[in-house]
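Structure file run.csv (CSV, C-alpha atoms) follows.
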```csv
chain,number,residue,atom,x,y,z
A,800,MET,CA,-31.4,75.9,-9.9
A,801,MET,CA,-32.7,73.8,-12.7
A,802,ARG,CA,-30.6,73.2,-15.8
A,803,ILE,CA,-32.6,73.0,-19.0
A,804,LEU,CA,-31.4,71.5,-22.3
A,805,ILE,CA,-33.2,73.1,-25.3
A,806,ALA,CA,-32.8,70.8,-28.3
A,807,PRO,CA,-35.4,71.5,-31.0
A,808,ASN,CA,-35.5,70.5,-34.6
A,809,ALA,CA,-36.4,73.0,-37.2
A,810,PHE,CA,-40.0,74.1,-37.4
A,811,LYS,CA,-40.7,73.5,-41.1
A,812,ASN,CA,-41.6,76.6,-43.2
A,813,SER,CA,-41.3,78.8,-40.1
A,814,LEU,CA,-38.2,78.7,-37.9
A,815,SER,CA,-34.7,77.2,-38.0
A,816,ALA,CA,-33.7,74.9,-35.2
A,817,LYS,CA,-31.4,77.7,-33.8
A,818,ALA,CA,-34.2,80.3,-34.0
A,819,ALA,CA,-36.6,77.9,-32.2
A,820,ALA,CA,-34.1,77.3,-29.5
A,821,ILE,CA,-33.7,81.0,-28.9
A,822,ALA,CA,-37.5,81.5,-28.7
A,823,ILE,CA,-37.8,78.7,-26.1
A,824,GLU,CA,-34.9,80.1,-24.1
A,825,ASP,CA,-36.5,83.6,-24.1
A,826,GLY,CA,-39.7,82.1,-22.7
A,827,PHE,CA,-37.8,80.4,-19.8
A,828,LYS,CA,-35.9,83.6,-19.1
A,829,GLU,CA,-39.3,85.4,-18.7
A,830,SER,CA,-40.7,82.8,-16.4
A,831,LYS,CA,-40.4,82.6,-12.6
A,832,LEU,CA,-38.2,79.5,-12.8
A,833,ASP,CA,-34.6,79.8,-11.5
A,834,CYS,CA,-32.8,78.1,-14.3
A,835,ILE,CA,-29.9,77.9,-16.7
A,836,CYS,CA,-30.6,77.1,-20.3
A,837,GLU,CA,-28.3,75.4,-22.7
A,838,LYS,CA,-29.3,75.6,-26.4
A,839,PHE,CA,-28.5,72.6,-28.6
A,840,ALA,CA,-30.3,72.9,-31.9
A,841,VAL,CA,-30.5,69.6,-33.7
A,842,GLY,CA,-30.8,68.3,-37.2
A,843,ASP,CA,-32.0,64.9,-38.4
A,844,GLY,CA,-30.8,65.0,-42.0
A,845,GLY,CA,-33.4,67.5,-42.9
A,846,ASP,CA,-32.9,71.0,-44.3
A,847,GLY,CA,-30.5,72.9,-42.1
A,848,THR,CA,-28.6,69.9,-40.7
A,849,ALA,CA,-25.4,70.6,-42.5
A,850,ALA,CA,-25.1,74.1,-41.2
A,851,LEU,CA,-25.5,72.8,-37.6
A,852,VAL,CA,-22.8,70.1,-38.1
A,853,ILE,CA,-20.4,72.7,-39.6
A,854,GLU,CA,-20.9,75.0,-36.7
A,855,LYS,CA,-20.7,72.4,-33.9
A,856,CYS,CA,-17.6,70.8,-35.5
A,857,GLY,CA,-15.8,74.0,-36.2
A,858,GLY,CA,-15.8,73.6,-40.0
A,859,HIS,CA,-16.0,76.2,-42.8
A,860,LEU,CA,-17.9,76.7,-46.0
A,861,ILE,CA,-16.7,76.2,-49.6
A,862,LYS,CA,-18.8,78.0,-52.3
A,863,THR,CA,-19.2,76.7,-55.8
A,864,ILE,CA,-21.5,77.2,-58.8
A,865,VAL,CA,-24.0,74.3,-59.2
A,866,HIS,CA,-27.3,73.8,-61.0
A,867,ASP,CA,-30.7,74.0,-59.2
A,868,PRO,CA,-33.4,71.3,-59.7
A,869,LEU,CA,-34.5,73.0,-63.0
A,870,GLY,CA,-31.0,73.3,-64.4
A,871,ARG,CA,-30.4,77.0,-63.5
A,872,LYS,CA,-26.9,78.1,-62.3
A,873,ILE,CA,-26.8,79.1,-58.6
A,874,MET,CA,-24.2,79.6,-56.0
A,875,GLY,CA,-24.1,76.5,-53.7
A,876,SER,CA,-21.9,75.5,-50.8
A,877,PHE,CA,-20.8,72.6,-48.7
A,878,GLY,CA,-18.8,72.4,-45.5
A,879,LEU,CA,-15.4,70.9,-44.6
A,880,ILE,CA,-14.8,69.6,-41.1
A,881,ASP,CA,-12.2,67.3,-39.5
A,882,ASP,CA,-9.3,69.4,-40.8
A,883,GLY,CA,-10.7,69.2,-44.3
A,884,ARG,CA,-10.9,65.4,-44.5
A,885,THR,CA,-14.7,65.3,-44.3
A,886,ALA,CA,-17.3,67.1,-46.4
A,887,ILE,CA,-20.8,67.8,-45.2
A,888,ILE,CA,-23.3,68.4,-48.0
A,889,GLU,CA,-26.9,69.6,-47.7
A,890,MET,CA,-28.9,68.2,-50.6
A,891,ALA,CA,-31.4,71.1,-50.2
A,892,GLU,CA,-28.6,73.5,-51.0
A,893,ALA,CA,-28.5,72.5,-54.6
A,894,SER,CA,-31.6,70.3,-55.1
A,895,GLY,CA,-34.1,71.7,-52.5
A,896,LEU,CA,-37.7,72.7,-52.4
A,897,ARG,CA,-36.7,76.1,-51.1
A,898,LEU,CA,-35.0,76.9,-54.4
A,899,LEU,CA,-38.3,76.7,-56.3
A,900,LYS,CA,-41.4,78.8,-56.4
A,901,SER,CA,-44.6,76.8,-55.8
A,902,GLU,CA,-45.6,77.0,-59.4
A,903,GLU,CA,-42.2,75.6,-60.5
A,904,LEU,CA,-42.6,72.3,-58.5
A,905,ASN,CA,-42.4,69.4,-60.9
A,906,PRO,CA,-40.8,66.1,-59.6
A,907,LEU,CA,-41.2,64.6,-63.1
A,908,LYS,CA,-38.5,67.0,-64.4
A,909,ALA,CA,-36.7,68.2,-61.2
A,910,SER,CA,-33.1,66.9,-61.1
A,911,SER,CA,-30.7,66.1,-58.2
A,912,ALA,CA,-27.7,66.8,-60.4
A,913,GLY,CA,-26.7,69.9,-58.4
A,914,THR,CA,-26.0,67.7,-55.4
A,915,GLY,CA,-23.8,65.5,-57.5
A,916,GLU,CA,-21.9,68.7,-58.5
A,917,LEU,CA,-21.4,69.5,-54.8
A,918,ILE,CA,-20.0,66.0,-54.3
A,919,LYS,CA,-17.6,66.5,-57.2
A,920,ALA,CA,-16.5,69.8,-55.8
A,921,ALA,CA,-15.9,68.1,-52.4
A,922,LEU,CA,-13.8,65.4,-54.1
A,923,ASP,CA,-11.7,68.1,-55.7
A,924,GLN,CA,-10.9,69.2,-52.1
A,925,GLY,CA,-9.4,65.8,-51.5
A,926,VAL,CA,-11.9,64.6,-48.9
A,927,LYS,CA,-12.0,61.0,-47.7
A,928,LYS,CA,-15.4,61.1,-46.2
A,929,ILE,CA,-18.7,62.7,-47.4
A,930,MET,CA,-21.8,63.1,-45.3
A,931,ILE,CA,-25.0,64.1,-47.1
A,932,ALA,CA,-28.0,65.5,-45.3
A,933,MET,CA,-30.8,64.6,-47.7
A,934,GLY,CA,-34.0,66.3,-46.4
A,935,GLY,CA,-35.9,69.0,-48.2
A,936,SER,CA,-35.2,67.8,-51.7
A,937,ALA,CA,-37.5,68.8,-54.6
A,938,THR,CA,-36.7,65.6,-56.5
A,939,VAL,CA,-38.1,62.1,-56.9
A,940,ASP,CA,-35.5,60.9,-59.4
A,941,GLY,CA,-33.9,58.0,-57.5
A,942,GLY,CA,-30.6,59.8,-57.4
A,943,ILE,CA,-30.0,59.6,-61.2
A,944,GLY,CA,-29.2,63.3,-61.3
A,945,ILE,CA,-26.5,63.0,-58.6
A,946,LEU,CA,-25.1,59.8,-60.3
A,947,SER,CA,-25.2,61.4,-63.7
A,948,ALA,CA,-23.1,64.3,-62.4
A,949,LEU,CA,-20.6,61.7,-61.1
A,950,GLY,CA,-20.4,60.0,-64.6
A,951,VAL,CA,-23.0,57.3,-64.5
A,952,GLN,CA,-25.1,57.1,-67.7
A,953,PHE,CA,-28.8,56.0,-67.7
A,954,ILE,CA,-29.6,54.9,-71.3
A,955,ASP,CA,-32.8,53.9,-73.1
A,956,GLN,CA,-33.2,51.3,-75.8
A,957,ALA,CA,-32.5,53.9,-78.5
A,958,GLY,CA,-29.2,54.8,-76.9
A,959,GLU,CA,-30.5,58.2,-75.6
A,960,LEU,CA,-29.5,59.5,-72.2
A,961,ILE,CA,-32.2,59.6,-69.5
A,962,VAL,CA,-31.8,62.6,-67.2
A,963,GLN,CA,-35.3,63.1,-65.6
A,964,ALA,CA,-37.5,60.9,-63.4
A,965,GLY,CA,-40.3,61.1,-65.9
A,966,GLN,CA,-38.1,59.3,-68.5
A,967,LEU,CA,-37.2,56.4,-66.3
A,968,ASN,CA,-39.9,54.1,-67.6
A,969,ARG,CA,-37.8,53.9,-70.8
A,970,LEU,CA,-34.6,52.9,-68.9
A,971,HIS,CA,-32.8,50.0,-70.6
A,972,ARG,CA,-29.4,49.9,-69.1
A,973,ILE,CA,-27.0,51.7,-66.8
A,974,GLU,CA,-23.3,52.4,-67.7
A,975,THR,CA,-20.8,53.0,-64.9
A,976,THR,CA,-17.6,53.1,-66.9
A,977,ASN,CA,-17.2,56.8,-66.5
A,978,LEU,CA,-18.1,56.9,-62.7
A,979,ASP,CA,-15.7,59.2,-60.9
A,980,GLU,CA,-13.6,56.6,-59.1
A,981,ARG,CA,-12.6,59.1,-56.4
A,982,VAL,CA,-16.1,58.7,-54.8
A,983,LEU,CA,-15.5,54.9,-54.5
A,984,ASN,CA,-12.5,55.6,-52.4
A,985,CYS,CA,-14.5,57.8,-50.0
A,986,GLN,CA,-16.7,56.8,-47.1
A,987,VAL,CA,-20.2,58.1,-48.1
A,988,ILE,CA,-22.8,58.5,-45.3
A,989,VAL,CA,-26.3,59.6,-46.0
A,990,LEU,CA,-28.2,61.1,-43.1
A,991,CYS,CA,-31.8,60.1,-43.5
A,992,ASP,CA,-34.8,61.8,-41.8
A,993,VAL,CA,-37.3,59.1,-42.7
A,994,ASP,CA,-37.1,55.3,-42.9
A,995,ASN,CA,-39.4,54.8,-45.8
A,996,LYS,CA,-38.5,52.2,-48.5
A,997,LEU,CA,-38.4,53.1,-52.2
A,998,LEU,CA,-41.6,51.8,-53.6
A,999,GLY,CA,-45.3,51.4,-52.9
A,1000,ASP,CA,-47.9,53.1,-50.7
A,1001,SER,CA,-45.2,54.1,-48.1
A,1002,GLY,CA,-42.5,54.8,-50.7
A,1003,ALA,CA,-40.8,57.9,-52.0
A,1004,ALA,CA,-43.4,58.9,-54.6
A,1005,ALA,CA,-46.5,58.2,-52.7
A,1006,VAL,CA,-45.5,59.7,-49.4
A,1007,PHE,CA,-43.3,62.6,-50.5
A,1008,GLY,CA,-44.3,63.2,-54.1
A,1009,PRO,CA,-47.3,65.4,-53.3
A,1010,GLN,CA,-45.4,67.9,-51.2
A,1011,LYS,CA,-43.0,68.2,-54.1
A,1012,GLY,CA,-45.8,69.1,-56.6
A,1013,ALA,CA,-46.8,65.6,-57.8
A,1014,SER,CA,-50.5,65.1,-58.7
A,1015,PHE,CA,-52.1,61.7,-58.1
A,1016,ARG,CA,-51.3,60.7,-61.7
A,1017,ASP,CA,-47.7,61.9,-61.2
A,1018,VAL,CA,-47.3,59.8,-58.1
A,1019,VAL,CA,-48.3,56.7,-60.1
A,1020,THR,CA,-45.9,57.7,-62.9
A,1021,LEU,CA,-43.0,58.3,-60.4
A,1022,ASP,CA,-43.6,55.0,-58.5
A,1023,THR,CA,-43.5,53.2,-61.8
A,1024,ALA,CA,-40.4,55.0,-62.8
A,1025,LEU,CA,-38.6,54.1,-59.6
A,1026,ASN,CA,-39.7,50.6,-60.0
A,1027,SER,CA,-38.1,50.5,-63.5
A,1028,LEU,CA,-34.9,51.9,-62.0
A,1029,SER,CA,-35.0,49.3,-59.2
A,1030,LYS,CA,-35.4,46.4,-61.6
A,1031,ILE,CA,-32.5,47.5,-63.9
A,1032,ILE,CA,-30.3,48.0,-60.9
A,1033,LEU,CA,-31.2,44.5,-59.6
A,1034,LYS,CA,-30.5,43.0,-63.0
A,1035,GLN,CA,-27.1,44.6,-63.4
A,1036,THR,CA,-25.8,44.7,-59.9
A,1037,GLY,CA,-27.7,42.1,-57.9
A,1038,THR,CA,-28.7,44.8,-55.4
A,1039,ASP,CA,-32.4,45.1,-54.6
A,1040,ILE,CA,-32.8,48.8,-53.7
A,1041,SER,CA,-36.6,48.3,-53.2
A,1042,THR,CA,-36.0,46.5,-49.9
A,1043,ILE,CA,-33.6,48.9,-48.2
A,1044,LYS,CA,-34.6,50.8,-45.1
A,1045,TYR,CA,-34.3,54.5,-45.7
A,1046,GLY,CA,-34.1,53.9,-49.4
A,1047,GLY,CA,-37.1,56.3,-50.0
A,1048,THR,CA,-35.2,59.3,-48.6
A,1049,ALA,CA,-35.0,62.3,-50.9
A,1050,GLY,CA,-37.1,60.8,-53.6
A,1051,GLY,CA,-35.2,57.6,-53.6
A,1052,ALA,CA,-31.8,59.3,-54.0
A,1053,ALA,CA,-30.6,57.4,-50.9
A,1054,ALA,CA,-31.3,54.0,-52.6
A,1055,GLY,CA,-29.6,55.1,-55.8
A,1056,LEU,CA,-26.4,56.2,-54.0
A,1057,HIS,CA,-26.4,53.0,-52.0
A,1058,ALA,CA,-26.4,50.9,-55.1
A,1059,PHE,CA,-23.7,52.7,-57.1
A,1060,ILE,CA,-21.3,54.4,-54.6
A,1061,ASN,CA,-21.8,52.1,-51.6
A,1062,ALA,CA,-23.4,54.9,-49.5
A,1063,ASN,CA,-24.2,53.9,-46.0
A,1064,LEU,CA,-27.7,55.0,-45.1
A,1065,VAL,CA,-28.1,55.9,-41.4
A,1066,ASN,CA,-30.7,57.4,-39.1
A,1067,GLY,CA,-29.9,61.1,-39.4
A,1068,ILE,CA,-30.7,62.2,-35.9
A,1069,ALA,CA,-28.9,59.4,-34.1
A,1070,TYR,CA,-25.8,60.1,-36.2
A,1071,PHE,CA,-26.0,63.8,-35.6
A,1072,LEU,CA,-26.4,63.5,-31.9
A,1073,GLU,CA,-23.4,61.1,-31.7
A,1074,LEU,CA,-21.2,63.3,-33.9
A,1075,THR,CA,-21.9,66.5,-32.0
A,1076,GLY,CA,-21.6,65.1,-28.4
A,1077,PHE,CA,-25.2,65.3,-27.3
A,1078,ASP,CA,-24.8,62.8,-24.5
A,1079,LYS,CA,-22.3,65.1,-22.8
A,1080,ALA,CA,-24.9,67.9,-22.9
A,1081,LEU,CA,-27.5,65.6,-21.4
A,1082,GLU,CA,-25.2,64.8,-18.5
A,1083,ARG,CA,-25.0,68.4,-17.3
A,1084,ASN,CA,-28.8,69.1,-17.5
A,1085,ASP,CA,-31.9,68.2,-15.6
A,1086,ILE,CA,-34.7,68.3,-18.2
A,1087,VAL,CA,-34.9,68.4,-22.0
A,1088,ILE,CA,-37.2,70.4,-24.2
A,1089,THR,CA,-37.5,69.4,-27.9
A,1090,GLY,CA,-39.9,70.0,-30.7
A,1091,GLU,CA,-40.7,70.6,-34.4
A,1092,GLY,CA,-43.5,71.9,-36.5
A,1093,ASN,CA,-45.6,68.8,-36.3
A,1094,ILE,CA,-45.2,65.8,-33.9
A,1095,ASP,CA,-47.1,62.8,-35.3
A,1096,GLU,CA,-46.6,59.2,-36.1
A,1097,GLN,CA,-43.9,60.1,-38.7
A,1098,THR,CA,-41.9,61.6,-35.9
A,1099,LEU,CA,-41.5,58.1,-34.4
A,1100,GLN,CA,-40.0,57.0,-37.7
A,1101,GLY,CA,-36.7,58.7,-37.0
A,1102,LYS,CA,-37.4,62.5,-36.8
A,1103,GLY,CA,-35.4,64.8,-34.6
A,1104,PRO,CA,-37.6,65.0,-31.5
A,1105,TYR,CA,-37.8,61.2,-31.3
A,1106,GLY,CA,-34.1,60.9,-31.4
A,1107,VAL,CA,-33.7,63.5,-28.7
A,1108,ALA,CA,-36.3,61.8,-26.6
A,1109,VAL,CA,-34.6,58.4,-27.0
A,1110,ALA,CA,-31.3,59.8,-25.9
A,1111,ALA,CA,-32.9,61.7,-23.0
A,1112,LYS,CA,-34.7,58.6,-21.7
A,1113,ARG,CA,-31.5,56.6,-21.9
A,1114,LYS,CA,-30.1,59.1,-19.4
A,1115,GLY,CA,-33.2,59.0,-17.3
A,1116,LEU,CA,-34.2,62.7,-18.0
A,1117,PRO,CA,-37.7,64.0,-18.3
A,1118,ILE,CA,-38.6,65.4,-21.7
A,1119,ILE,CA,-41.2,67.8,-23.1
A,1120,GLY,CA,-42.1,68.0,-26.8
A,1121,LEU,CA,-43.5,71.2,-28.3
A,1122,ALA,CA,-45.1,71.4,-31.7
A,1123,GLY,CA,-47.6,73.3,-33.7
A,1124,LYS,CA,-49.7,70.2,-33.6
A,1125,VAL,CA,-49.5,67.1,-31.4
A,1126,PRO,CA,-51.6,63.9,-31.2
A,1127,LEU,CA,-54.9,64.5,-29.3
A,1128,THR,CA,-54.5,61.0,-27.8
A,1129,PRO,CA,-50.8,60.0,-27.7
A,1130,THR,CA,-50.1,56.4,-28.3
A,1131,GLU,CA,-48.2,54.1,-25.9
A,1132,MET,CA,-45.1,54.8,-28.0
A,1133,PHE,CA,-45.4,58.5,-27.5
A,1134,SER,CA,-46.0,58.1,-23.8
A,1135,LYS,CA,-42.9,55.9,-23.5
A,1136,TYR,CA,-40.6,58.6,-24.8
A,1137,PHE,CA,-42.3,62.0,-24.1
A,1138,ASP,CA,-43.4,62.9,-20.6
A,1139,VAL,CA,-45.4,65.9,-22.0
A,1140,LEU,CA,-46.5,66.9,-25.5
A,1141,LEU,CA,-47.8,70.4,-25.8
A,1142,PRO,CA,-49.3,72.2,-28.9
A,1143,ILE,CA,-48.0,75.8,-29.0
A,1144,SER,CA,-50.5,77.4,-31.3
A,1145,ASN,CA,-53.9,78.9,-30.6
A,1146,GLN,CA,-54.4,80.1,-34.2
A,1147,THR,CA,-57.2,77.6,-34.9
A,1148,GLY,CA,-57.5,76.8,-38.6
A,1149,ASP,CA,-55.2,79.5,-39.9
A,1150,ILE,CA,-51.9,77.8,-40.8
A,1151,HIS,CA,-50.3,80.9,-42.3
A,1152,LEU,CA,-50.9,82.9,-39.2
A,1153,ALA,CA,-49.7,80.0,-37.1
A,1154,LEU,CA,-46.4,79.8,-39.0
A,1155,GLN,CA,-45.9,83.5,-38.7
A,1156,SER,CA,-46.4,83.4,-34.9
A,1157,THR,CA,-44.2,80.3,-34.2
A,1158,ALA,CA,-41.5,82.2,-32.3
A,1159,ALA,CA,-44.0,84.0,-30.1
A,1160,ASP,CA,-46.0,80.8,-29.5
A,1161,LEU,CA,-42.8,78.9,-28.5
A,1162,GLN,CA,-41.8,81.8,-26.2
A,1163,ARG,CA,-45.2,82.0,-24.5
A,1164,THR,CA,-45.5,78.2,-24.1
A,1165,SER,CA,-42.0,78.0,-22.6
A,1166,LYS,CA,-42.7,80.8,-20.2
A,1167,GLN,CA,-45.8,78.9,-18.9
A,1168,ILE,CA,-43.7,75.6,-18.6
A,1169,GLY,CA,-41.2,77.6,-16.6
A,1170,ASN,CA,-43.8,79.0,-14.3
A,1171,LEU,CA,-45.3,75.6,-13.8
A,1172,LEU,CA,-41.9,74.1,-12.9
A,1173,ALA,CA,-41.3,77.0,-10.5
A,1174,THR,CA,-44.2,75.8,-8.4
A,1175,GLY,CA,-42.3,72.6,-7.7
A,1176,TYR,CA,-44.3,70.5,-10.2
A,1177,LYS,CA,-42.4,67.3,-11.0
A,1178,LEU,CA,-42.7,65.5,-14.3
A,1179,LYS,CA,-43.4,61.8,-13.8
```

Rendering of file as structure tokens:
Amino acid sequence: MMRILIAPNAFKNSLSAKAAAIAIEDGFKESKLDCICEKFAVGDGGDGTAALVIEKCGGHLIKTIVHDPLGRKIMGSFGLIDDGRTAIIEMAEASGLRLLKSEELNPLKASSAGTGELIKAALDQGVKKIMIAMGGSATVDGGIGILSALGVQFIDQAGELIVQAGQLNRLHRIETTNLDERVLNCQVIVLCDVDNKLLGDSGAAAVFGPQKGASFRDVVTLDTALNSLSKIILKQTGTDISTIKYGGTAGGAAAGLHAFINANLVNGIAYFLELTGFDKALERNDIVITGEGNIDEQTLQGKGPYGVAVAAKRKGLPIIGLAGKVPLTPTEMFSKYFDVLLPISNQTGDIHLALQSTAADLQRTSKQIGNLLATGYKLK
């Protein structure tokens, strides 16, 4: 009997990681393969990661009122694990794309302040460690919203407060006198799902700005704004946030938190897998199935399926990657970590229909994989 570890990431705009795992398991159950499936949904710091950590670590939710990216009051939440000593915060819960309608997207004005409010609420619970999953944000503000909520003031030459990314080109100085000192006595860990730096063609504005509603002109404005922030931080603190790996995460929020609250920026999937005991799950299984909406070169920069594949290969296990879209000609790097990459969709050219049918496509594809393995086919 074959033991199969099903460890998908979320399929963006379609299925949560848990729902994807269920669909894959259903496919194997329908196949001719004699198997036992273990579902282990994963998160890489992207939207949904915090919920998985809370569940796997036996934590619980705390609800609190915060402000969304456009300043409207909403009910937010964060998790407590480790007997209340550690908070797990999802940035998308207060500052996420999913909170806005498509016509509301505007990274020049969208603020990350709600995430800062979640951090303050966690500090009120007396935590000593804060983990922040930063994927899925609607903001490109360098974290000034979060930091403002924690007491940092960003000031222009006229003495006016700066609260939006689009105003950062006027930044003259940063005042930290009123920073909530409790956060400096906490270990802050940021789970990053990308390794982009802050500025330039591969930076926060250029790569992620368009999906948050930025036009070409907006991207230039935002990159200039983050550059202004970077220069003032370097001048005042001696820290060059433009050179930091992962600094471009969540519109540069990772870089801002590193500079002012000593946040440790880590590879989200590697941290998640270690925290949740993934290696133990690998040891009791024979093959691994992973996946996400799109497996491409960015996957190799630290996304969930890549982290799962690295862990599986470390244990000598074969691994299959499933996605709506995969490379037509996998590079040597893909071939090194994935034994098989399979596209699940046959909805050519219709992205909306493909998103709606993700569960059925995963189930159908997994059934066929199971039938193939039942013939005695061995992955090399």

Tell me, as a ChimeraX atom specification, which residues lie within 12 Å of Thr1164 (chain A), counting only C-alpha atoms; anything in the same chain fewer than 2 positions away does not count.
-> /A:822-827,829-830,1088,1090,1119-1123,1140-1145,1157-1162,1166-1171

Give as number ranges by chain the set of residues within 8 Å of the point (-33.8, 74.8, -24.1), where distances use the file's coordinates and all atoms listed in the file.
-> A: 803-807, 820-821, 823-824, 836-839, 1087-1089

For each of A:Ala849, A:Ile873, A:Leu1056, A:Ala1108, take the minimum atom-to-atom distance to Met1132 (chain A), counting all atoms listed in the file, then give the residue where this is smallest.
-> A:Ala1108

Skipping near chain neighbours, those fewer than 4 positions away, what residues fall within 10 Å of Arg884 (chain A) using all atoms listed in the file, listed as a PyMOL selection string?
-> chain A and resi 879-880+921+924-929

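Atom pair CA of Gly999 (chain A) / CA of Pro906 (chain A): separated by 16.8 Å.
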
Choose the residue, out of A:Glu1091, A:Glu974, A:Asp979, A:Asp940, that has the smallest atom-to-atom separation from Ser1029 (chain A); count only C-alpha atoms.
-> A:Asp940

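Using all atoms listed in the file for every distance, the candidate list A:Val1139, A:Met930, A:Leu896, A:Ile1032 yields A:Val1139 as the residue closest to Ile1118 (chain A).
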
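Shortest atom-to-atom contact with Asp1017 (chain A) among A:Gly858, A:Gly1092, A:Gly965, A:Gly842: A:Gly965, counting only C-alpha atoms.
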
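Among the candidates A:Ala1052, A:Ser876, A:Gly857, A:Glu959, the residue lying nearest to Val939 (chain A) is A:Ala1052 (atoms considered: all atoms listed in the file).
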
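Taking all atoms listed in the file, the non-local environment of Ala1024 (chain A) within 7 Å (same-chain residues fewer than 2 positions away omitted) comprises Ala964, Gly965, Leu967, Asn968, Thr1020, Leu1021, Asp1022, Asn1026, Ser1027 and Leu1028 of chain A.
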
Residues within 10 Å of region 1065-1070 of chain A, only C-alpha atoms, excluding chain neighbours under 2 positions, as JSON, numbers by chain | {"A": [808, 841, 842, 843, 844, 845, 848, 931, 932, 933, 934, 988, 989, 990, 991, 992, 993, 994, 1044, 1045, 1053, 1062, 1063, 1072, 1073, 1074, 1075, 1077, 1100, 1101, 1102, 1103, 1104, 1105, 1106, 1107, 1109, 1110]}

Residue nearest Leu1116 (chain A) among A:Ala893, A:Leu898, A:Ile1060, A:Leu1081 (counting all atoms listed in the file) | A:Leu1081

Can you tell me, as number ranges by chain, what residues are no more than 10 Å from Ile961 (chain A) when counting all atoms listed in the file, ignoring any on the same chain fewer than 3 positions away?
-> A: 943-944, 947, 952-955, 958, 964-971, 973

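Distance-wise, CA of Asp1085 (chain A) and CA of Lys1135 (chain A) end up 18.3 Å apart.
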
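Interatomic distance, CA of Ser1041 (chain A) to CA of Ala1054 (chain A): 7.8 Å.
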
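Residues lying within 12 Å of (-46.9, 76.1, -57.1). Counted over all atoms listed in the file, they are Leu896, Arg897, Leu899, Lys900, Ser901, Glu902, Glu903, Leu904, Asn905, Pro906, Pro1009, Gln1010, Lys1011, Gly1012, Ala1013 and Ser1014 of chain A.
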